[in-house]
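Have a look at model_33.txt below; it lists compact mmCIF, C-alpha atoms.
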```txt
# COMPACT_ATOMS: atom_id res chain seq x y z
CA MET A 1170 29.02 0.57 2.45
CA MET A 1171 27.94 -2.16 0.08
CA LYS A 1172 25.45 -4.18 2.06
CA GLY A 1173 26.16 -7.89 2.14
CA ILE A 1174 29.66 -7.62 0.68
CA SER A 1175 32.78 -8.70 2.52
CA VAL A 1176 35.91 -7.41 0.80
CA SER A 1177 39.49 -7.94 1.89
CA GLN A 1178 40.89 -4.69 3.27
CA SER A 1179 44.46 -5.96 3.45
CA ILE A 1180 45.37 -3.91 0.39
CA ASN A 1181 45.89 -0.18 0.81
CA TYR A 1182 45.09 1.50 -2.46
CA ASN A 1183 47.22 4.24 -3.95
CA PRO A 1184 46.04 5.17 -7.47
CA TYR A 1185 49.52 6.03 -8.64
CA ILE A 1186 51.37 2.92 -7.53
CA GLU A 1187 52.36 0.67 -10.42
CA PHE A 1188 52.13 -3.08 -9.80
CA ASN A 1189 54.58 -5.81 -10.70
CA ARG A 1190 52.92 -9.17 -11.26
CA PRO A 1191 53.21 -11.31 -8.13
CA GLN A 1192 54.45 -14.87 -8.51
CA LEU A 1193 51.93 -17.12 -6.79
CA GLN A 1194 53.16 -20.02 -4.71
CA ILE A 1195 50.45 -22.67 -4.79
CA SER A 1196 50.04 -25.73 -2.61
CA THR A 1197 49.13 -28.86 -4.55
CA VAL A 1198 47.46 -32.11 -3.65
CA ASN A 1199 47.73 -35.34 -5.65
CA PRO A 1200 48.26 -33.89 -9.15
CA ASN A 1201 46.15 -35.75 -11.68
CA PRO A 1202 48.00 -36.54 -14.93
CA ALA A 1203 44.69 -36.83 -16.73
CA GLN A 1204 43.98 -33.12 -16.28
CA SER A 1205 43.62 -30.82 -19.26
CA ARG A 1206 46.68 -30.04 -21.31
CA PHE A 1207 45.91 -26.40 -20.54
CA SER A 1208 46.53 -26.91 -16.81
CA ARG A 1209 49.90 -26.46 -15.20
CA PRO A 1210 50.90 -29.81 -13.69
CA ARG A 1211 52.30 -28.07 -10.60
CA SER A 1212 48.98 -26.74 -9.34
CA LEU A 1213 45.78 -28.61 -9.89
CA ARG A 1214 44.16 -27.70 -6.59
CA VAL A 1215 44.66 -24.51 -4.67
CA LEU A 1216 44.63 -24.79 -0.90
CA SER A 1217 46.53 -21.63 0.00
CA LEU A 1218 47.82 -18.57 -1.79
CA SER A 1219 50.89 -16.53 -1.00
CA VAL A 1220 53.18 -14.14 -2.79
CA ASP A 1221 56.93 -14.55 -3.01
CA PRO A 1222 58.28 -11.13 -1.94
CA SER A 1223 61.48 -11.66 -3.92
CA ALA A 1224 59.45 -11.96 -7.11
CA ASN A 1225 58.08 -8.44 -6.70
CA ARG A 1226 60.81 -5.93 -7.38
CA ASN A 1227 58.78 -2.91 -6.38
CA PRO A 1228 58.97 -2.49 -2.59
CA LYS A 1229 56.04 -0.05 -2.74
CA SER A 1230 53.75 -2.56 -4.41
CA ALA A 1231 50.24 -2.40 -2.96
CA VAL A 1232 49.64 -6.14 -3.48
CA ASP A 1233 49.37 -7.74 -0.04
CA ALA A 1234 51.33 -10.91 0.60
CA HIS A 1235 48.07 -12.84 0.93
CA ALA A 1236 45.89 -11.04 -1.61
CA PRO A 1237 42.93 -13.30 -2.48
CA PRO A 1238 42.61 -13.76 -6.25
CA LEU A 1239 40.02 -12.62 -8.72
CA VAL A 1240 38.32 -15.78 -10.00
CA VAL A 1241 36.34 -15.73 -13.24
CA VAL A 1242 34.01 -18.66 -13.96
CA GLY A 1243 32.69 -18.45 -17.49
CA SER A 1244 33.03 -18.73 -21.21
CA ALA A 1245 35.91 -18.72 -23.67
CA ASN A 1246 35.32 -18.23 -27.38
CA ALA A 1247 37.27 -17.91 -30.56
CA ASP A 1248 35.97 -14.61 -31.94
CA ILE A 1249 35.78 -14.63 -35.73
CA TYR A 1250 35.92 -10.97 -36.73
CA VAL A 1251 34.56 -9.70 -40.04
CA GLU A 1252 34.84 -5.99 -40.79
CA ILE A 1253 31.89 -4.64 -42.75
CA GLU A 1254 30.49 -1.25 -43.71
CA ARG A 1255 26.98 -2.22 -42.59
CA LEU A 1256 24.93 -5.21 -41.56
CA PRO A 1257 23.47 -7.24 -44.43
CA LYS A 1258 19.75 -7.00 -45.11
CA GLU A 1259 17.56 -10.09 -45.14
CA GLY A 1260 18.54 -12.33 -48.05
CA GLU A 1261 21.56 -10.15 -48.92
CA THR A 1262 25.20 -11.25 -49.25
CA ILE A 1263 27.91 -8.66 -48.69
CA SER A 1264 31.69 -8.77 -48.70
CA ALA A 1265 33.83 -8.14 -45.63
CA LYS A 1266 36.92 -5.97 -45.74
CA THR A 1267 38.92 -8.35 -43.56
CA GLY A 1268 38.51 -11.46 -41.44
CA GLN A 1269 40.48 -12.52 -38.36
CA THR A 1270 40.14 -15.01 -35.50
CA LEU A 1271 41.03 -13.81 -31.98
CA ALA A 1272 40.57 -15.17 -28.46
CA GLY A 1273 37.50 -13.89 -26.63
CA GLY A 1274 34.35 -14.88 -24.76
CA LYS A 1275 32.99 -12.92 -21.79
CA GLY A 1276 34.68 -15.07 -19.16
CA ALA A 1277 38.05 -15.16 -20.91
CA ASN A 1278 37.84 -11.42 -21.60
CA GLN A 1279 37.24 -10.60 -17.95
CA ALA A 1280 40.02 -12.92 -16.78
CA ALA A 1281 42.44 -11.39 -19.27
CA CYS A 1282 41.53 -7.91 -18.07
CA GLY A 1283 42.09 -8.80 -14.43
CA ALA A 1284 45.52 -10.27 -15.16
CA LYS A 1285 46.58 -7.36 -17.36
CA LEU A 1286 45.63 -5.01 -14.53
CA MET A 1287 48.25 -6.88 -12.48
CA TYR A 1288 45.86 -8.62 -10.10
CA PRO A 1289 46.21 -12.41 -9.47
CA THR A 1290 43.52 -13.93 -11.65
CA TYR A 1291 42.23 -17.47 -12.16
CA PHE A 1292 39.92 -18.65 -14.94
CA VAL A 1293 37.55 -21.61 -14.56
CA GLY A 1294 36.24 -22.70 -17.95
CA ARG A 1295 35.88 -25.35 -20.64
CA LEU A 1296 37.62 -25.64 -24.02
CA GLY A 1297 37.54 -28.13 -26.86
CA GLU A 1298 40.67 -30.01 -27.83
CA ASP A 1299 41.03 -28.09 -31.07
CA ALA A 1300 42.88 -25.20 -32.68
CA HIS A 1301 40.52 -22.64 -31.18
CA GLY A 1302 41.11 -24.02 -27.71
CA LYS A 1303 44.85 -23.78 -28.19
CA LEU A 1304 44.48 -20.20 -29.45
CA ILE A 1305 42.59 -19.19 -26.30
CA ALA A 1306 44.96 -20.97 -23.91
CA GLU A 1307 47.96 -19.29 -25.49
CA ALA A 1308 46.30 -15.86 -25.37
CA LEU A 1309 45.35 -16.19 -21.70
CA GLY A 1310 48.30 -18.09 -20.21
CA ASP A 1311 51.87 -17.32 -19.24
CA ASP A 1312 52.88 -16.36 -22.77
CA GLY A 1313 49.87 -14.06 -23.09
CA CYS A 1314 48.03 -12.22 -20.33
CA GLY A 1315 49.27 -14.23 -17.35
CA VAL A 1316 45.94 -15.73 -16.28
CA HIS A 1317 46.22 -18.88 -14.15
CA LEU A 1318 44.65 -21.72 -16.15
CA ASP A 1319 44.81 -24.46 -13.51
CA TYR A 1320 41.02 -24.83 -13.59
CA VAL A 1321 40.51 -24.84 -17.35
CA ARG A 1322 39.47 -28.30 -18.60
CA SER A 1323 39.55 -29.49 -22.19
CA VAL A 1324 37.16 -32.00 -23.77
CA ASN A 1325 37.38 -33.98 -26.99
CA ASN A 1326 33.66 -34.38 -27.64
CA GLU A 1327 32.70 -30.71 -27.98
CA PRO A 1328 34.26 -27.87 -29.98
CA THR A 1329 35.58 -24.74 -28.33
CA GLY A 1330 32.91 -22.04 -28.22
CA HIS A 1331 33.12 -19.46 -30.97
CA ALA A 1332 31.44 -16.27 -32.06
CA VAL A 1333 31.03 -14.33 -35.27
CA VAL A 1334 31.65 -10.64 -34.59
CA MET A 1335 30.36 -8.33 -37.30
CA LEU A 1336 32.34 -5.13 -36.77
CA GLN A 1337 31.02 -2.03 -38.52
CA SER A 1338 33.08 0.98 -39.57
CA ASP A 1339 31.85 3.09 -36.63
CA GLY A 1340 33.18 0.55 -34.13
CA GLN A 1341 29.76 -0.90 -33.23
CA ASN A 1342 29.28 -4.64 -33.43
CA SER A 1343 26.74 -7.42 -33.67
CA ILE A 1344 27.64 -10.87 -32.35
CA ILE A 1345 26.37 -14.42 -32.91
CA ILE A 1346 27.58 -17.02 -30.39
CA VAL A 1347 27.98 -20.80 -30.74
CA GLY A 1348 28.22 -22.16 -27.20
CA GLY A 1349 30.13 -25.41 -27.83
CA ALA A 1350 32.14 -26.52 -24.79
CA ASN A 1351 30.99 -23.45 -22.86
CA MET A 1352 27.47 -24.87 -22.67
CA LYS A 1353 27.91 -28.63 -23.02
CA ALA A 1354 31.18 -29.66 -21.36
CA TRP A 1355 30.43 -28.88 -17.71
CA PRO A 1356 29.67 -31.63 -15.19
CA GLU A 1357 26.25 -31.87 -13.63
CA ILE A 1358 27.84 -31.24 -10.24
CA MET A 1359 30.90 -28.99 -9.90
CA SER A 1360 34.02 -30.66 -8.53
CA ASP A 1361 35.52 -29.80 -5.16
CA ASP A 1362 38.61 -28.54 -7.03
CA ASP A 1363 36.63 -25.94 -8.94
CA LEU A 1364 34.62 -24.87 -5.91
CA GLU A 1365 37.72 -24.69 -3.70
CA ILE A 1366 39.24 -21.89 -5.77
CA VAL A 1367 36.07 -19.78 -5.72
CA ARG A 1368 35.72 -20.20 -1.96
CA ASN A 1369 39.25 -18.83 -1.57
CA ALA A 1370 38.70 -15.91 -3.95
CA GLY A 1371 38.68 -12.23 -3.10
CA ILE A 1372 35.90 -11.69 -5.63
CA VAL A 1373 34.18 -13.87 -8.26
CA LEU A 1374 32.86 -12.89 -11.69
CA LEU A 1375 30.11 -14.80 -13.49
CA GLN A 1376 28.39 -14.30 -16.86
CA ARG A 1377 25.54 -15.98 -18.75
CA GLU A 1378 27.47 -17.73 -21.52
CA ILE A 1379 27.65 -20.93 -19.46
CA PRO A 1380 24.75 -22.95 -18.00
CA ASP A 1381 22.74 -21.30 -15.24
CA SER A 1382 23.12 -24.49 -13.20
CA ILE A 1383 26.89 -23.93 -13.01
CA ASN A 1384 26.50 -20.28 -12.08
CA ILE A 1385 24.04 -21.23 -9.34
CA GLN A 1386 26.41 -23.82 -7.81
CA VAL A 1387 29.29 -21.37 -7.88
CA ALA A 1388 27.25 -18.45 -6.51
CA LYS A 1389 25.90 -20.53 -3.64
CA ALA A 1390 29.38 -21.78 -2.70
CA VAL A 1391 30.73 -18.24 -2.88
CA LYS A 1392 27.90 -16.83 -0.77
CA LYS A 1393 28.51 -19.41 1.98
CA ALA A 1394 32.20 -18.46 1.97
CA GLY A 1395 31.40 -14.76 2.31
CA VAL A 1396 33.04 -13.87 -1.02
CA PRO A 1397 31.42 -11.12 -3.15
CA VAL A 1398 30.15 -12.17 -6.58
CA ILE A 1399 29.24 -10.05 -9.60
CA LEU A 1400 26.95 -11.46 -12.29
CA ASP A 1401 27.37 -9.92 -15.73
CA VAL A 1402 23.99 -10.28 -17.45
CA GLY A 1403 25.54 -10.64 -20.92
CA GLY A 1404 24.91 -13.94 -22.68
CA MET A 1405 21.66 -15.90 -22.67
CA ASP A 1406 18.52 -13.82 -23.01
CA THR A 1407 16.40 -16.19 -20.90
CA PRO A 1408 15.07 -15.05 -17.50
CA ILE A 1409 17.64 -15.24 -14.70
CA PRO A 1410 16.63 -17.89 -12.14
CA ASN A 1411 15.65 -16.50 -8.74
CA GLU A 1412 18.01 -19.02 -7.18
CA LEU A 1413 20.89 -17.25 -8.91
CA LEU A 1414 19.69 -13.72 -8.15
CA ASP A 1415 19.42 -14.65 -4.47
CA SER A 1416 23.11 -15.66 -4.35
CA ILE A 1417 24.83 -12.69 -6.00
CA ASP A 1418 25.93 -9.34 -4.61
CA ILE A 1419 25.98 -7.17 -7.75
CA LEU A 1420 24.01 -7.55 -10.98
CA SER A 1421 25.70 -5.89 -13.95
CA PRO A 1422 23.67 -5.40 -17.15
CA ASN A 1423 24.02 -2.86 -19.92
CA GLU A 1424 20.96 -0.74 -20.66
CA THR A 1425 19.68 -3.13 -23.36
CA GLU A 1426 20.05 -6.14 -21.07
CA LEU A 1427 18.37 -4.23 -18.25
CA SER A 1428 15.39 -3.52 -20.49
CA ARG A 1429 15.18 -7.15 -21.58
CA LEU A 1430 15.48 -8.39 -18.01
CA THR A 1431 12.76 -6.13 -16.60
CA GLY A 1432 10.52 -5.62 -19.63
CA MET A 1433 10.81 -1.87 -19.11
CA PRO A 1434 12.19 0.95 -21.29
CA THR A 1435 15.68 2.24 -20.50
CA GLU A 1436 16.08 5.20 -22.83
CA THR A 1437 16.37 7.85 -20.11
CA PHE A 1438 18.07 7.82 -16.73
CA GLU A 1439 14.69 8.03 -15.01
CA GLN A 1440 13.54 4.94 -16.93
CA ILE A 1441 16.79 3.17 -16.05
CA SER A 1442 16.24 4.01 -12.38
CA GLN A 1443 12.72 2.56 -12.53
CA ALA A 1444 13.99 -0.61 -14.19
CA VAL A 1445 16.67 -0.95 -11.52
CA ALA A 1446 13.98 -0.57 -8.86
CA LYS A 1447 12.36 -3.68 -10.31
CA CYS A 1448 15.70 -5.51 -9.94
CA HIS A 1449 15.73 -4.45 -6.29
CA GLN A 1450 12.26 -5.97 -5.95
CA LEU A 1451 13.70 -9.23 -7.30
CA GLY A 1452 16.12 -9.25 -4.39
CA VAL A 1453 19.22 -7.71 -5.95
CA LYS A 1454 20.56 -5.00 -3.65
CA GLN A 1455 23.15 -3.54 -6.02
CA VAL A 1456 22.96 -3.01 -9.78
CA LEU A 1457 25.91 -1.80 -11.83
CA VAL A 1458 24.59 -0.51 -15.16
CA LYS A 1459 26.85 0.02 -18.17
CA LEU A 1460 25.41 2.83 -20.28
CA GLY A 1461 27.74 2.90 -23.29
CA SER A 1462 28.48 6.45 -24.39
CA LYS A 1463 26.45 7.74 -21.42
CA GLY A 1464 28.85 6.21 -18.90
CA SER A 1465 27.77 4.00 -16.02
CA ALA A 1466 25.88 4.07 -12.74
CA LEU A 1467 25.92 2.07 -9.53
CA PHE A 1468 22.53 1.71 -7.85
CA ILE A 1469 22.54 0.59 -4.22
CA GLN A 1470 19.11 0.02 -2.75
CA GLY A 1471 18.12 2.85 -0.41
CA GLU A 1472 20.94 5.13 -1.57
CA LYS A 1473 21.40 7.79 -4.23
CA PRO A 1474 22.77 6.40 -7.53
CA ILE A 1475 26.44 7.03 -8.22
CA GLN A 1476 27.00 8.11 -11.82
CA GLN A 1477 30.21 8.05 -13.82
CA SER A 1478 30.58 9.67 -17.23
CA ILE A 1479 32.80 8.13 -19.88
CA ILE A 1480 36.42 9.12 -20.18
CA PRO A 1481 36.51 10.08 -23.88
CA ALA A 1482 38.56 7.85 -26.17
CA ALA A 1483 40.86 9.33 -28.79
CA GLN A 1484 39.17 7.05 -31.32
CA VAL A 1485 36.61 4.24 -31.19
CA VAL A 1486 37.82 1.21 -33.13
CA ASP A 1487 35.97 -1.72 -31.55
CA THR A 1488 33.52 -1.81 -28.62
CA THR A 1489 33.42 -5.63 -28.38
CA GLY A 1490 35.34 -6.00 -25.12
CA ALA A 1491 34.39 -2.69 -23.49
CA GLY A 1492 31.69 -4.07 -21.20
CA ASP A 1493 33.86 -6.98 -20.04
CA THR A 1494 36.78 -4.63 -19.45
CA PHE A 1495 34.57 -2.33 -17.40
CA THR A 1496 33.17 -5.15 -15.25
CA ALA A 1497 36.56 -6.75 -14.61
CA ALA A 1498 38.26 -3.44 -13.84
CA PHE A 1499 35.45 -2.57 -11.41
CA ALA A 1500 35.97 -5.95 -9.71
CA VAL A 1501 39.73 -5.41 -9.42
CA ALA A 1502 39.20 -1.96 -7.94
CA MET A 1503 36.62 -3.31 -5.54
CA VAL A 1504 38.78 -6.15 -4.21
CA GLU A 1505 41.61 -3.66 -3.75
CA GLY A 1506 39.40 -1.69 -1.36
CA LYS A 1507 38.60 1.37 -3.44
CA SER A 1508 35.50 3.50 -2.86
CA HIS A 1509 32.48 3.13 -5.11
CA GLU A 1510 33.41 6.31 -6.95
CA GLU A 1511 37.01 5.15 -7.45
CA CYS A 1512 35.81 1.77 -8.72
CA LEU A 1513 33.61 3.43 -11.33
CA ARG A 1514 36.32 5.82 -12.46
CA PHE A 1515 38.98 3.09 -12.68
CA ALA A 1516 36.58 0.96 -14.76
CA ALA A 1517 35.72 3.91 -17.01
CA ALA A 1518 39.40 4.54 -17.75
CA ALA A 1519 40.01 0.90 -18.59
CA ALA A 1520 36.98 0.79 -20.92
CA SER A 1521 38.09 4.01 -22.64
CA LEU A 1522 41.43 2.45 -23.53
CA CYS A 1523 39.81 -0.83 -24.57
CA VAL A 1524 37.65 0.62 -27.37
CA GLN A 1525 40.71 2.05 -29.13
CA VAL A 1526 42.06 -1.38 -30.16
CA LYS A 1527 40.48 -4.12 -32.29
CA GLY A 1528 39.76 -7.43 -30.62
CA ALA A 1529 38.51 -8.18 -27.13
CA ILE A 1530 41.53 -9.64 -25.34
CA PRO A 1531 44.12 -7.72 -27.41
CA SER A 1532 42.36 -4.50 -26.42
CA MET A 1533 42.51 -5.06 -22.65
CA PRO A 1534 44.67 -2.27 -21.18
CA ASP A 1535 47.56 -2.75 -18.78
CA ARG A 1536 47.57 -1.15 -15.36
CA LYS A 1537 50.21 1.44 -16.19
CA SER A 1538 48.10 2.78 -19.07
CA VAL A 1539 44.96 2.98 -16.93
CA LEU A 1540 46.73 4.87 -14.15
CA LYS A 1541 48.31 7.21 -16.67
CA LEU A 1542 44.90 8.01 -18.17
CA LEU A 1543 43.39 8.55 -14.72
CA ASN A 1544 46.19 10.95 -13.85
CA PHE A 1545 45.81 12.79 -17.16
CA SER A 1546 42.01 13.09 -16.91
CA ILE A 1547 41.85 14.46 -13.33
```

How does the structure come out when it is put into structure tokens?
Amino acid sequence: MMKGISVSQSINYNPYIEFNRPQLQISTVNPNPAQSRFSRPRSLRVLSLSVDPSANRNPKSAVDAHAPPLVVVGSANADIYVEIERLPKEGETISAKTGQTLAGGKGANQAACGAKLMYPTYFVGRLGEDAHGKLIAEALGDDGCGVHLDYVRSVNNEPTGHAVVMLQSDGQNSIIIVGGANMKAWPEIMSDDDLEIVRNAGIVLLQREIPDSINIQVAKAVKKAGVPVILDVGGMDTPIPNELLDSIDILSPNETELSRLTGMPTETFEQISQAVAKCHQLGVKQVLVKLGSKGSALFIQGEKPIQQSIIPAAQVVDTTGAGDTFTAAFAVAMVEGKSHEECLRFAAAAASLCVQVKGAIPSMPDRKSVLKLLNFSI
């Protein structure tokens, strides 16, 4: 058992059941016409969640009538892709093969993944009132992935966050992020509206591309409500505040982030295990490490690590969204009541499909494809 985690068990998992997207019926209170243009006017505050059975045509659907949603609080970026043969050297100018702007950002990526895996997903974030903000809202919303955007706010005094993604021919990437609204458009104190949805979540995902102060407020509210929270380490490279570490259930770094966080080498599994032990000393009971081509591992304090190898991809086109896909898929599997091993395998299958398509959100796999790959790779 995962110590300290309370997960809804109202969903009986069958790995070969295909999901139809449930239509959420949402109670509303005093809709505010001044809300963001990205919000649906029918649902500005969630008080209760239910599923309309008539909207789900599959009578064998494993989605419970009161399934608590996945809630992602985090960043949304316009990812400006440039395809290059290699990174430029200092003082050098090189030409890119192509350039393209796509919706991304760790928070938006994870929300998109959750929704495409047919689990009710809400995104809490900040956008600028600009073309990039519109691009992201369209990619995530009803006409895109089906993420609920009731808690996305837009501002006119900060640009939408954006990132330059330098994609090399082997699929590896280097990324430079401009925070914009992700870092500067949050209130000093989170509103009751925003905290209400996380308190009613089945699981919450956080990342470090928004201010630590926001993550801390959310994590504390979630902890009091008994909702599990996963913190993806990706984003800022500053030390993680103890106040935040004390309020999360699972810390999820990749091996580079784990090394940076602990100041220890992570080249071998033994070194990774020692670095994770330092995380345990910081108070984190569970650490989910993404190891790239070497797979992943879940470390639970006092227990033997659970390792998962990669599920080989037919081709590697772009690894940009692989980590976010893995984390979100793990969260979906977890809230659906799967075992640790099943969670890791489900996440590995989703990540394998993700790296075969260019772009973060466009590469997020649907549930049918993930289940098909799992069936094929058994």

inquiry  = Excluding Ala1497 (chain A) and its own-chain neighbours fewer than 5 positions away, which residues fall within 8 Å of it when counting all atoms listed in the file? Please give them as a list in words.
reply    =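 Answer for this query is Gln1279, Ala1280, Cys1282, Gly1283, Leu1374 and Ala1516 of chain A.
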
Interface rows for region 1496-1543 of chain A against region 1482-1487 of chain A: nearest pair, Å to one decimal, 7 Å, all atoms listed in the file, as a tab-separated table:
```
residue	atom	partner	partner_atom	distance
A:Ser1521	CA	A:Ala1482	CA	5.2
A:Leu1522	CA	A:Ala1482	CA	6.7
A:Val1524	CA	A:Asp1487	CA	5.1
A:Gln1525	CA	A:Val1486	CA	5.0
A:Val1526	CA	A:Val1486	CA	5.8
A:Lys1527	CA	A:Asp1487	CA	5.2
A:Gly1528	CA	A:Asp1487	CA	6.9
```

Dump as a tab-separated table (two decimals), in the coordinates of the input, selection limited to C-alpha atoms:
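Here's the written file selection_26.tsv:
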```tsv
chain	number	residue	atom	x	y	z
A	1521	SER	CA	38.09	4.01	-22.64
A	1522	LEU	CA	41.43	2.45	-23.53
A	1524	VAL	CA	37.65	0.62	-27.37
A	1525	GLN	CA	40.71	2.05	-29.13
A	1526	VAL	CA	42.06	-1.38	-30.16
A	1527	LYS	CA	40.48	-4.12	-32.29
A	1528	GLY	CA	39.76	-7.43	-30.62
```

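For the set A:Lys1266, A:Lys1507, A:Arg1255, A:His1301, the residue with the smallest atom-to-atom gap to Ser1343 (chain A) is A:Arg1255, counting all atoms listed in the file.
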
Nearest to Arg1295 (chain A) by atom-to-atom distance, counting all atoms listed in the file, from A:Asn1326, A:Ser1416, A:Thr1407, A:Ser1428 = A:Asn1326

task = Take the point (29.1, -22.5, -23.8) as written in the file and pick out every residue within 7 Å of it, counting only C-alpha atoms; give the list as a ChimeraX atom specification.
result = /A:1244,1330,1348-1353,1378-1379

Using C-alpha atoms, can you export the residues from the last selection as a tab-separated table (two decimals), in the coordinates of the input?
```tsv
chain	number	residue	atom	x	y	z
A	1244	SER	CA	33.03	-18.73	-21.21
A	1330	GLY	CA	32.91	-22.04	-28.22
A	1348	GLY	CA	28.22	-22.16	-27.20
A	1349	GLY	CA	30.13	-25.41	-27.83
A	1350	ALA	CA	32.14	-26.52	-24.79
A	1351	ASN	CA	30.99	-23.45	-22.86
A	1352	MET	CA	27.47	-24.87	-22.67
A	1353	LYS	CA	27.91	-28.63	-23.02
A	1378	GLU	CA	27.47	-17.73	-21.52
A	1379	ILE	CA	27.65	-20.93	-19.46
```

Straight-line distance linking CA of Glu1510 (chain A) with CA of Asp1415 (chain A), stated in Å to one decimal =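 Between CA of Glu1510 (chain A) and CA of Asp1415 (chain A) the gap is 25.3 Å.
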
ask   = Which is closest to Gly1471 (chain A) among A:Gln1269, A:Leu1296, A:Ile1344, A:Val1453, if we use all atoms listed in the file?
value = A:Val1453

task = Give me, please, the distance in Å between CA of Glu1357 (chain A) and CA of Val1324 (chain A), quoted to one decimal.
result = 14.9 Å

inquiry  = I'd like the interatomic distance between CA of Val1316 (chain A) and CA of Ala1284 (chain A), to a tenth of an Å.
reply    =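 Calculated distance between CA of Val1316 (chain A) and CA of Ala1284 (chain A) is 5.6 Å.
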
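Each of A:His1509, A:Arg1368, A:Lys1454, A:His1331 was checked against Ile1475 (chain A) using only C-alpha atoms; the smallest atom-to-atom distance is that of A:His1509.
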
ask   = Which one of A:Lys1285, A:Ala1247, A:Lys1393, A:Gly1294 sits closest to Ala1519 (chain A) if you count all atoms listed in the file?
value =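 Of all the options, A:Lys1285 lies closest to Ala1519 (chain A).
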
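Shortest atom-to-atom contact with Pro1474 (chain A) among A:Ile1441, A:Met1503, A:Leu1256, A:Leu1542: A:Ile1441, counting only C-alpha atoms.
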
key: Point (40.0, -11.4, -39.7), cut-off 6 Å, counting only C-alpha atoms, residues as an MDAnalysis selection string   = chainID A and resid 1250:1251 1267:1270

query = Near Thr1437 (chain A), counting all atoms listed in the file, which residues have an atom at most 10 Å away, once you skip same-chain residues fewer than 5 positions from it, shown as a PyMOL selection string?
reply = chain A and resi 1424+1442-1443

query = Using only C-alpha atoms, which residues sit within 10 Å of Ile1409 (chain A) once same-chain residues fewer than 5 positions away are excluded, as a VMD selection string?
reply = chain A and resid 1377 1381 1402 1414 1430

request  = Fewer than 2 positions away in the same chain doesn't count, so skip those; otherwise give me all residues within 12 Å of Ile1419 (chain A), counting all atoms listed in the file, as number ranges by chain.
outcome  = A: 1171-1174, 1372-1376, 1388, 1396-1402, 1413-1417, 1421-1422, 1445, 1448-1449, 1452-1458, 1467-1470, 1496, 1499-1500, 1503

Starting from the sparse input, extend region 1233-1247 of chain A to N, CA and C atoms and give the output as a short mmCIF file (atom, residue, chain, number, x, y, z; two decimals), keeping the file's coordinate frame.
```
data_model
loop_
_atom_site.label_atom_id
_atom_site.label_comp_id
_atom_site.auth_asym_id
_atom_site.auth_seq_id
_atom_site.Cartn_x
_atom_site.Cartn_y
_atom_site.Cartn_z
N ASP A 1233 49.09 -7.12 -1.33
CA ASP A 1233 49.37 -7.74 -0.04
C ASP A 1233 49.93 -9.14 -0.24
N ALA A 1234 50.70 -9.60 0.71
CA ALA A 1234 51.33 -10.91 0.60
C ALA A 1234 50.31 -12.04 0.54
N HIS A 1235 49.09 -11.79 0.96
CA HIS A 1235 48.07 -12.84 0.93
C HIS A 1235 46.83 -12.35 0.19
N ALA A 1236 47.02 -11.59 -0.85
CA ALA A 1236 45.89 -11.04 -1.61
C ALA A 1236 45.07 -12.17 -2.21
N PRO A 1237 43.78 -12.26 -1.89
CA PRO A 1237 42.93 -13.30 -2.48
C PRO A 1237 42.69 -13.00 -3.95
N PRO A 1238 42.67 -14.01 -4.81
CA PRO A 1238 42.61 -13.76 -6.25
C PRO A 1238 41.23 -13.36 -6.75
N LEU A 1239 41.23 -12.77 -7.93
CA LEU A 1239 40.02 -12.62 -8.72
C LEU A 1239 39.81 -13.94 -9.44
N VAL A 1240 38.63 -14.52 -9.32
CA VAL A 1240 38.32 -15.78 -10.00
C VAL A 1240 37.16 -15.55 -10.96
N VAL A 1241 37.37 -15.87 -12.21
CA VAL A 1241 36.34 -15.73 -13.24
C VAL A 1241 35.88 -17.12 -13.65
N VAL A 1242 34.60 -17.40 -13.50
CA VAL A 1242 34.01 -18.66 -13.96
C VAL A 1242 33.15 -18.32 -15.16
N GLY A 1243 33.49 -18.85 -16.32
CA GLY A 1243 32.69 -18.45 -17.49
C GLY A 1243 33.16 -19.01 -18.80
N SER A 1244 32.87 -18.27 -19.85
CA SER A 1244 33.03 -18.73 -21.21
C SER A 1244 34.35 -18.30 -21.83
N ALA A 1245 34.76 -19.07 -22.83
CA ALA A 1245 35.91 -18.72 -23.67
C ALA A 1245 35.54 -19.03 -25.10
N ASN A 1246 35.69 -18.07 -25.98
CA ASN A 1246 35.32 -18.23 -27.38
C ASN A 1246 36.46 -17.84 -28.30
N ALA A 1247 36.47 -18.44 -29.47
CA ALA A 1247 37.27 -17.91 -30.56
C ALA A 1247 36.39 -16.92 -31.30
#
```
